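Remarks on the structure that follows.
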Amino acid sequence: MPVILCRNLTKVFGKTPALDKLDLTVDEGTIYGFLGPNGAGKTTTLKILTGLSQPTSGQAWVDGIEVQPNSRHLQSRIGYLPEEPSFYTWMSAREYMKFVGRIFNLSPGENDRRCDQLLELVNLEEAAGRRIAGFSRGMRQRLGIAQALINRPKVLFLDEPSSALDPFGRAEILETLNRLKAEATTVFLSSHILADVERVCDIVGIIDQGRLVIEASVDELRRRFARSVFVVEFEETAPAFAPLLDALPWIERVHTEMGTEGARFSIRVKDMVTAKQELPRVVAASGFTLRRYETEMPTLEDAFLQLLGRKDSNA
Amino acid sequence: MHSLRVMLHNELRYQLRSYRLLIVAAVFFLFGLGTPLLFNYLDVLIPAEDFVLPEFTATDVVEEYLSTVAQVGMLATILLAMGIVASERDRGTAAMTLSKPVGVGAFILAKFLALSATLAAGAIVGAAGAYLYTFVLFDDPGAGNFAAANMLAWVYLVFATSLTILFSSHFKNQLAAGGLALVILIVLALTSGLVVMREFSPGALMTEAQSLAAGAGIQNWGVVAATLTLIPLLLLAAWHVFRKKEL
């Protein structure tokens, strides 16, 4: 059952279109990765879906409620973390959390419990009494995530939630997101860190110039759009290996790196099955001393770049 | 109502924690004590050799105090209100708050009420000081008229608050908001002597306050009625303007 639905969602700033008839469907309980280059319309989409911005045309529904600007009915069911969360810095983290809890009409007891729980979840329990003014960017990001969860939202909108976090913080957040999935919370996640999206998202939507380019699972995207790369390394410093590959029809591109301690060939292929059978034979027949032979798994980043046509010639 | 209560509680705490309440009370208290003291010791401060200083009465002192409240209070009000919405929009705290079930109306009204309460506290403290020192150094200015005149002065500041909040809701730049509010309030004050303006302009409210303090009562009730009508209308306009803004 779709919990987020956008139909022909359009947003124009002056004469510049930010969203161009965006159609989007997100099913309940999924972690949806919303990807796109800078200025693609990710934040605009999130702002419309959270009631902070009004679309120029088109409609959207979240949890069955039609999205209207500043709709309290909608906003009581969602959690939102903007890209750069801002707080009342004269408050302590705990005071801010309690303030948010009061907005959601939590009882004092429930508010206290929820605050403690969430501050512990984002590892801010020791800093809970400190003023937010003294918080680092990472601490603010973690507080932002905690405040977005206080009402046990049905849908959680996260705009770049891990961009300011160190690897430990990122890992914790990803673990939290996986836990939310078990609680049937739908997470709509915009991120530039594709490795994070790859780790937690069930479905990925890629947006470019305000339009949804594709929507698929991470595996499907990798399968469809990312080409596998074979890496072959020889002991010889300048082996004439590339010419041996030139005439082979299943080879797409060869990138060569010659070093003082050997040579490295990154080989992108058109036909994986044939390559798996034929390439070892070509290597053996070349007579060069093999140091390394492996297949690099395609990443979501490869698929992303390939799909948006911005892949450089590396490999 | 629930979100208004939560937001108002938050705004009142901010007035306390940011020392705004303390600063406003201190400024009003300073002028409240300062005006009667200045009038009483004016002959010491300005030795009159070539001219004779007039004999000041309690009414003169109160009129001067009210005039100071109108000028200094207005500037203080603009300074306090010009960033009240604009800076939250600029910093992103408005988006954080308004992505939760808080209406734009509650958001703006809470700010208005909290600032009005701060100004009320300042006006009470200042008026108490002015009354006490005028009573001791001059004469009883008449508690009833004095209190009513100060209440009108506060209404004028509340009007200035609602006007500044409107511009603060429109502009992202708080200096633009404060500057425009200041210009309008100055124009209203300068034109308050003109025929129609004298009867209906909020700029003439301080003249009515002074008239009240002098025991002459309110001359133009239209001024009071217009000001009291404009305050909610300005807030309504602020709500209308702000709800259209991209956060």
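Identifiers for the structure tokens are assigned positionally: chains receive A, B, ... in sequence, residues are indexed from 1 per chain, and ligands are indexed from 1 in the order shown.
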Subject >> Distance-based interface of chain A with chain B, 10 Å, counting only C-alpha atoms, as a PyMOL selection string >> reply: chain A and resi 44+47-54+69-82+84-91+96+99-105+144+147-148+151
Original post:
Within 8 Å of Glu83 of chain A, counting only C-alpha atoms, which residues qualify if same-chain residues fewer than 5 places away don't, as a PyMOL selection string?
Top reply: chain A and resi 158-161
How about saving the chosen residues, N, CA, C and O atoms kept, as a CSV table (one decimal), in the first residue's frame?
chain,number,residue,atom,x,y,z
A,158,LEU,N,14.1,12.2,5.8
A,158,LEU,CA,15.5,12.6,6.2
A,158,LEU,C,16.2,13.2,5.0
A,158,LEU,O,16.4,12.5,4.0
A,159,ASP,N,16.7,14.4,5.2
A,159,ASP,CA,17.4,15.0,4.1
A,159,ASP,C,18.9,15.0,4.5
A,159,ASP,O,19.3,15.8,5.4
A,160,GLU,N,19.7,14.2,3.9
A,160,GLU,CA,21.1,14.0,4.1
A,160,GLU,C,21.4,13.8,5.6
A,160,GLU,O,22.1,14.5,6.3
A,161,PRO,N,20.8,12.7,6.2
A,161,PRO,CA,20.9,12.5,7.6
A,161,PRO,C,22.4,12.2,8.1
A,161,PRO,O,22.7,12.4,9.3
Subject >> segment 207-216 of chain B surroundings by only C-alpha atoms, 7 Å radius, close-in-sequence under 3 positions cut, as a count of residues only >> reply: 11
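Close contacts of Ala25 of chain B, defined as residues with an atom at most 8 Å away when counting only C-alpha atoms, with chain neighbours fewer than 3 positions off set aside, comprise Leu21, Leu22, Phe28, Phe29, Thr118, Leu119, Ala121, Gly122, Ala123, Val125 and Gly126 of chain B.
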Original post:
If we count only C-alpha atoms, what is near segment 188-201 of chain A at a cut-off of 10 Å, once residues fewer than 4 positions away on the same chain are taken out, given as an MDAnalysis selection string?
Top reply: chainID A and resid 4 26 30:38 42:43 45:46 80:83 155:163 170:171 173:175 177:178 181 205:206 217:219 299:302 304
Hey, can you spit out that residue selection with N, CA and C atoms as a compact mmCIF listing (two decimals), in the first residue's frame?
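The resulting file, selection.txt, is reproduced below:
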# COMPACT_ATOMS: atom_id res chain seq x y z
N ILE A 4 3.42 7.09 0.41
CA ILE A 4 3.73 8.39 -0.22
C ILE A 4 3.35 8.28 -1.69
N VAL A 26 5.75 5.35 -2.91
CA VAL A 26 6.57 4.68 -1.91
C VAL A 26 5.66 3.82 -1.06
N THR A 30 8.90 0.70 3.71
CA THR A 30 10.16 0.63 2.95
C THR A 30 11.10 1.76 3.35
N ILE A 31 12.36 1.55 3.08
CA ILE A 31 13.33 2.63 3.20
C ILE A 31 13.65 3.05 1.77
N TYR A 32 13.22 4.23 1.45
CA TYR A 32 13.29 4.70 0.06
C TYR A 32 14.45 5.70 -0.06
N GLY A 33 15.40 5.38 -0.88
CA GLY A 33 16.54 6.26 -1.11
C GLY A 33 16.24 7.21 -2.26
N PHE A 34 16.32 8.49 -1.99
CA PHE A 34 15.99 9.49 -3.00
C PHE A 34 17.29 10.16 -3.42
N LEU A 35 17.74 9.83 -4.60
CA LEU A 35 19.06 10.29 -5.05
C LEU A 35 18.94 11.26 -6.21
N GLY A 36 19.98 12.02 -6.37
CA GLY A 36 20.01 12.95 -7.50
C GLY A 36 21.15 13.92 -7.32
N PRO A 37 21.60 14.52 -8.41
CA PRO A 37 22.68 15.52 -8.28
C PRO A 37 22.18 16.77 -7.57
N ASN A 38 23.11 17.66 -7.23
CA ASN A 38 22.71 18.92 -6.59
C ASN A 38 21.73 19.67 -7.48
N LYS A 42 15.54 17.33 -4.89
CA LYS A 42 15.32 16.44 -3.73
C LYS A 42 14.75 17.20 -2.53
N THR A 43 15.44 18.29 -2.16
CA THR A 43 15.00 19.04 -0.98
C THR A 43 13.63 19.67 -1.22
N THR A 45 11.24 18.45 -3.03
CA THR A 45 10.26 17.37 -2.85
C THR A 45 9.98 17.14 -1.36
N LEU A 46 11.07 17.08 -0.60
CA LEU A 46 10.92 16.84 0.84
C LEU A 46 10.13 17.96 1.51
N TYR A 80 10.68 14.86 10.49
CA TYR A 80 11.45 15.50 9.43
C TYR A 80 12.79 15.99 9.96
N LEU A 81 13.81 15.64 9.24
CA LEU A 81 15.15 16.17 9.53
C LEU A 81 15.63 16.93 8.30
N PRO A 82 15.75 18.26 8.38
CA PRO A 82 16.26 18.99 7.22
C PRO A 82 17.76 18.77 7.04
N GLU A 83 18.25 19.23 5.90
CA GLU A 83 19.66 19.01 5.57
C GLU A 83 20.58 19.64 6.63
N VAL A 155 5.83 8.15 8.85
CA VAL A 155 6.77 8.37 7.75
C VAL A 155 7.85 9.33 8.23
N LEU A 156 9.09 8.91 7.99
CA LEU A 156 10.22 9.73 8.42
C LEU A 156 10.93 10.28 7.19
N PHE A 157 11.03 11.61 7.13
CA PHE A 157 11.71 12.26 6.00
C PHE A 157 13.08 12.73 6.48
N LEU A 158 14.10 12.22 5.84
CA LEU A 158 15.46 12.58 6.24
C LEU A 158 16.21 13.17 5.04
N ASP A 159 16.67 14.40 5.21
CA ASP A 159 17.42 15.05 4.14
C ASP A 159 18.90 15.02 4.52
N GLU A 160 19.65 14.18 3.86
CA GLU A 160 21.08 14.03 4.13
C GLU A 160 21.36 13.77 5.62
N PRO A 161 20.82 12.69 6.16
CA PRO A 161 20.95 12.50 7.62
C PRO A 161 22.36 12.18 8.10
N SER A 162 23.20 11.64 7.22
CA SER A 162 24.51 11.22 7.71
C SER A 162 25.65 12.07 7.19
N SER A 163 25.31 13.19 6.53
CA SER A 163 26.37 13.97 5.88
C SER A 163 27.36 14.57 6.87
N ARG A 170 27.60 7.39 11.47
CA ARG A 170 26.86 6.93 10.29
C ARG A 170 26.37 5.50 10.49
N ALA A 171 27.28 4.67 11.00
CA ALA A 171 26.91 3.26 11.21
C ALA A 171 25.73 3.16 12.18
N ILE A 173 23.44 5.42 12.79
CA ILE A 173 22.21 5.91 12.16
C ILE A 173 21.63 4.87 11.21
N LEU A 174 22.51 4.23 10.46
CA LEU A 174 22.03 3.21 9.52
C LEU A 174 21.39 2.04 10.28
N GLU A 175 22.00 1.72 11.42
CA GLU A 175 21.44 0.65 12.25
C GLU A 175 20.05 1.07 12.77
N LEU A 177 18.01 3.12 11.34
CA LEU A 177 17.06 3.07 10.22
C LEU A 177 16.58 1.64 9.98
N ASN A 178 17.49 0.71 10.08
CA ASN A 178 17.10 -0.69 9.89
C ASN A 178 16.13 -1.13 10.98
N LYS A 181 12.70 0.12 10.30
CA LYS A 181 12.06 -0.68 9.25
C LYS A 181 11.30 -1.85 9.90
N GLY A 205 15.07 5.83 -5.80
CA GLY A 205 14.53 6.66 -6.88
C GLY A 205 15.59 7.68 -7.25
N ILE A 206 15.86 7.81 -8.52
CA ILE A 206 16.86 8.80 -8.93
C ILE A 206 16.15 9.93 -9.66
N SER A 217 15.08 -1.40 -7.25
CA SER A 217 15.84 -1.84 -6.09
C SER A 217 17.33 -1.60 -6.37
N VAL A 218 18.11 -1.57 -5.31
CA VAL A 218 19.56 -1.33 -5.47
C VAL A 218 20.16 -2.42 -6.37
N ASP A 219 19.78 -3.67 -6.12
CA ASP A 219 20.32 -4.78 -6.92
C ASP A 219 19.97 -4.62 -8.39
N THR A 299 28.95 -0.89 -8.09
CA THR A 299 28.35 -0.21 -6.94
C THR A 299 27.17 0.63 -7.41
N LEU A 300 26.42 1.11 -6.42
CA LEU A 300 25.29 1.99 -6.74
C LEU A 300 25.81 3.28 -7.37
N GLU A 301 27.00 3.69 -6.92
CA GLU A 301 27.60 4.91 -7.47
C GLU A 301 27.86 4.74 -8.97
N ASP A 302 28.35 3.55 -9.36
CA ASP A 302 28.57 3.29 -10.79
C ASP A 302 27.25 3.43 -11.55
N PHE A 304 24.55 5.01 -10.61
CA PHE A 304 24.09 6.39 -10.55
C PHE A 304 24.76 7.24 -11.63
Original post:
Near Leu212 of chain A, within 10 Å and counting only C-alpha atoms, which residues show up once chain neighbours fewer than 2 positions away are dropped, as an NGL selection string?
Top reply: :A and (19-24 or 34-36 or 40-41 or 205-210 or 214-215)
**OP:** Choose the residue, out of B:Ala226, B:Ala189, B:Ala177, B:Ala143, that has the smallest atom-to-atom separation from Ser87 of chain B; count only C-alpha atoms.
**Re:** B:Ala177
Original post:
To one decimal place, how far is atom CA of Asp43 of chain B from atom CA of Asn150 of chain B in Å?
Top reply: 27.4 Å
**OP:** Using backbone DSSP assignments, extract all helix (DSSP H, G or I) residues from segment 49-216 of chain B; output them as a ChimeraX atom specification.
**Re:** /B:58-81,86-91,93-98,104-137,143-170,174-190,195-200,202-213
Written selection (C-alpha atoms) as a CSV table (one decimal), in the first residue's frame:
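Heads up, here's the output in out02.csv:
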chain,number,residue,atom,x,y,z
B,58,ALA,CA,3.8,66.5,38.2
B,59,THR,CA,1.9,66.7,34.9
B,60,ASP,CA,5.0,68.0,33.0
B,61,VAL,CA,7.1,65.2,34.4
B,62,VAL,CA,4.5,62.6,33.4
B,63,GLU,CA,4.1,64.0,29.9
B,64,GLU,CA,7.9,63.9,29.4
B,65,TYR,CA,8.0,60.4,30.7
B,66,LEU,CA,5.3,59.3,28.3
B,67,SER,CA,7.1,61.0,25.5
B,68,THR,CA,10.3,59.1,26.4
B,69,VAL,CA,8.4,55.8,26.5
B,70,ALA,CA,7.0,56.6,23.0
B,71,GLN,CA,10.4,57.3,21.5
B,72,VAL,CA,12.8,54.9,23.4
B,73,GLY,CA,10.1,52.3,23.8
B,74,MET,CA,9.4,52.4,20.1
B,75,LEU,CA,13.0,51.9,19.2
B,76,ALA,CA,13.4,49.1,21.8
B,77,THR,CA,10.2,47.4,20.4
B,78,ILE,CA,11.5,47.5,16.8
B,79,LEU,CA,14.9,46.1,17.9
B,80,LEU,CA,13.2,43.3,19.7
B,81,ALA,CA,10.6,42.5,17.0
B,86,ALA,CA,12.8,36.9,9.9
B,87,SER,CA,15.8,35.5,11.8
B,88,GLU,CA,14.0,32.2,12.5
B,89,ARG,CA,13.2,31.9,8.8
B,90,ASP,CA,16.8,32.8,7.9
B,91,ARG,CA,18.3,30.4,10.4
B,93,THR,CA,14.4,27.2,13.1
B,94,ALA,CA,11.0,28.2,11.7
B,95,ALA,CA,11.1,25.3,9.2
B,96,MET,CA,12.1,22.9,12.1
B,97,THR,CA,9.2,24.1,14.2
B,98,LEU,CA,6.6,24.4,11.4
B,104,VAL,CA,1.6,29.6,11.4
B,105,GLY,CA,-1.0,31.5,13.5
B,106,ALA,CA,0.2,30.0,16.8
B,107,PHE,CA,3.8,30.5,15.8
B,108,ILE,CA,3.3,34.3,15.1
B,109,LEU,CA,0.7,34.9,17.9
B,110,ALA,CA,3.0,33.3,20.5
B,111,LYS,CA,5.8,35.6,19.6
B,112,PHE,CA,3.5,38.6,19.6
B,113,LEU,CA,2.0,37.7,23.0
B,114,ALA,CA,5.4,37.0,24.6
B,115,LEU,CA,6.9,40.3,23.4
B,116,SER,CA,3.8,42.2,24.4
B,117,ALA,CA,4.1,40.6,27.9
B,118,THR,CA,7.8,41.7,28.1
B,119,LEU,CA,6.8,45.2,27.1
B,120,ALA,CA,4.0,45.2,29.7
B,121,ALA,CA,6.4,44.1,32.4
B,122,GLY,CA,8.8,46.9,31.3
B,123,ALA,CA,6.0,49.5,31.2
B,124,ILE,CA,4.8,48.5,34.7
B,125,VAL,CA,8.2,48.7,36.2
B,126,GLY,CA,8.9,52.0,34.5
B,127,ALA,CA,5.6,53.4,35.4
B,128,ALA,CA,6.0,52.4,39.0
B,129,GLY,CA,9.4,54.1,39.2
B,130,ALA,CA,8.1,57.2,37.5
B,131,TYR,CA,5.0,57.4,39.7
B,132,LEU,CA,6.9,56.9,42.9
B,133,TYR,CA,9.6,59.6,42.2
B,134,THR,CA,7.1,62.0,40.7
B,135,PHE,CA,5.0,61.6,43.9
B,136,VAL,CA,8.0,62.1,46.2
B,137,LEU,CA,9.7,64.9,44.3
B,143,ALA,CA,-2.9,57.1,40.1
B,144,GLY,CA,-5.9,56.4,37.9
B,145,ASN,CA,-5.1,58.7,35.1
B,146,PHE,CA,-1.4,57.8,35.3
B,147,ALA,CA,-2.2,54.1,35.0
B,148,ALA,CA,-4.6,54.6,32.1
B,149,ALA,CA,-2.1,56.9,30.3
B,150,ASN,CA,0.6,54.2,30.7
B,151,MET,CA,-1.7,51.6,29.5
B,152,LEU,CA,-2.3,53.6,26.3
B,153,ALA,CA,1.5,53.9,25.9
B,154,TRP,CA,1.8,50.2,26.2
B,155,VAL,CA,-1.0,49.8,23.5
B,156,TYR,CA,1.1,52.0,21.3
B,157,LEU,CA,4.1,49.8,21.8
B,158,VAL,CA,2.0,46.7,21.1
B,159,PHE,CA,0.9,48.4,17.9
B,160,ALA,CA,4.6,49.0,17.0
B,161,THR,CA,5.2,45.3,17.8
B,162,SER,CA,2.4,44.0,15.5
B,163,LEU,CA,3.6,46.3,12.7
B,164,THR,CA,7.2,45.2,13.0
B,165,ILE,CA,6.1,41.5,13.1
B,166,LEU,CA,4.3,42.0,9.9
B,167,PHE,CA,7.4,43.2,8.1
B,168,SER,CA,9.5,40.6,9.9
B,169,SER,CA,7.2,38.0,8.4
B,170,HIS,CA,7.6,39.4,5.0
B,174,GLN,CA,15.6,41.8,9.7
B,175,LEU,CA,17.1,45.2,9.1
B,176,ALA,CA,14.7,45.7,6.2
B,177,ALA,CA,11.8,44.7,8.5
B,178,GLY,CA,13.0,47.0,11.3
B,179,GLY,CA,13.8,49.9,8.9
B,180,LEU,CA,10.4,49.9,7.3
B,181,ALA,CA,8.6,49.7,10.6
B,182,LEU,CA,10.6,52.6,11.9
B,183,VAL,CA,9.9,54.7,8.8
B,184,ILE,CA,6.1,54.1,9.1
B,185,LEU,CA,6.0,54.8,12.8
B,186,ILE,CA,7.9,58.1,12.3
B,187,VAL,CA,5.6,59.1,9.5
B,188,LEU,CA,2.6,58.3,11.6
B,189,ALA,CA,4.0,60.3,14.5
B,190,LEU,CA,4.8,63.3,12.2
B,195,VAL,CA,-7.0,66.7,10.8
B,196,VAL,CA,-8.0,63.1,9.9
B,197,MET,CA,-4.9,61.6,11.4
B,198,ARG,CA,-5.5,63.3,14.7
B,199,GLU,CA,-8.8,61.5,15.0
B,200,PHE,CA,-7.9,58.0,13.7
B,202,PRO,CA,-2.3,55.3,16.0
B,203,GLY,CA,0.5,58.0,15.7
B,204,ALA,CA,-1.8,60.2,17.8
B,205,LEU,CA,-2.2,57.7,20.6
B,206,MET,CA,0.6,59.2,22.7
B,207,THR,CA,-1.1,62.6,22.5
B,208,GLU,CA,-4.2,61.0,23.9
B,209,ALA,CA,-2.1,59.3,26.6
B,210,GLN,CA,-0.6,62.7,27.6
B,211,SER,CA,-4.0,64.2,27.6
B,212,LEU,CA,-5.2,61.5,29.8
B,213,ALA,CA,-2.3,61.9,32.2
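Of the listed residues B:Phe138, B:Ile46, B:Phe56, B:Lys172, the one whose atoms come nearest to Phe242 of chain B is B:Lys172, with distances taken using only C-alpha atoms.
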Original post:
Which one is closest to Gly29 of chain A: A:Glu126, A:Glu257, A:Glu235, A:Glu183? Count only C-alpha atoms.
Top reply: A:Glu183
**OP:** Would you mind reading off the distance between atom CA of Glu95 of chain A and atom CA of Gln141 of chain A, one decimal, in Å?
**Re:** 16.3 Å
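Take atom CA of Gly32 of chain B and atom CA of Gln15 of chain B: the distance between them is 21.3 Å.
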**OP:** Name the closest residue to Ser57 of chain A among the candidates A:Val229, A:Ile145, A:Val12, A:Leu165; distances are taken between atoms, counting only C-alpha atoms.
**Re:** A:Val12
Subject >> strand (DSSP E) call set, DSSP backbone run, segment 147-301 of chain A, as a PyMOL selection string >> reply: chain A and resi 155-159+186-190+203-208+211-217+229-234+251-259+262-269+290-296
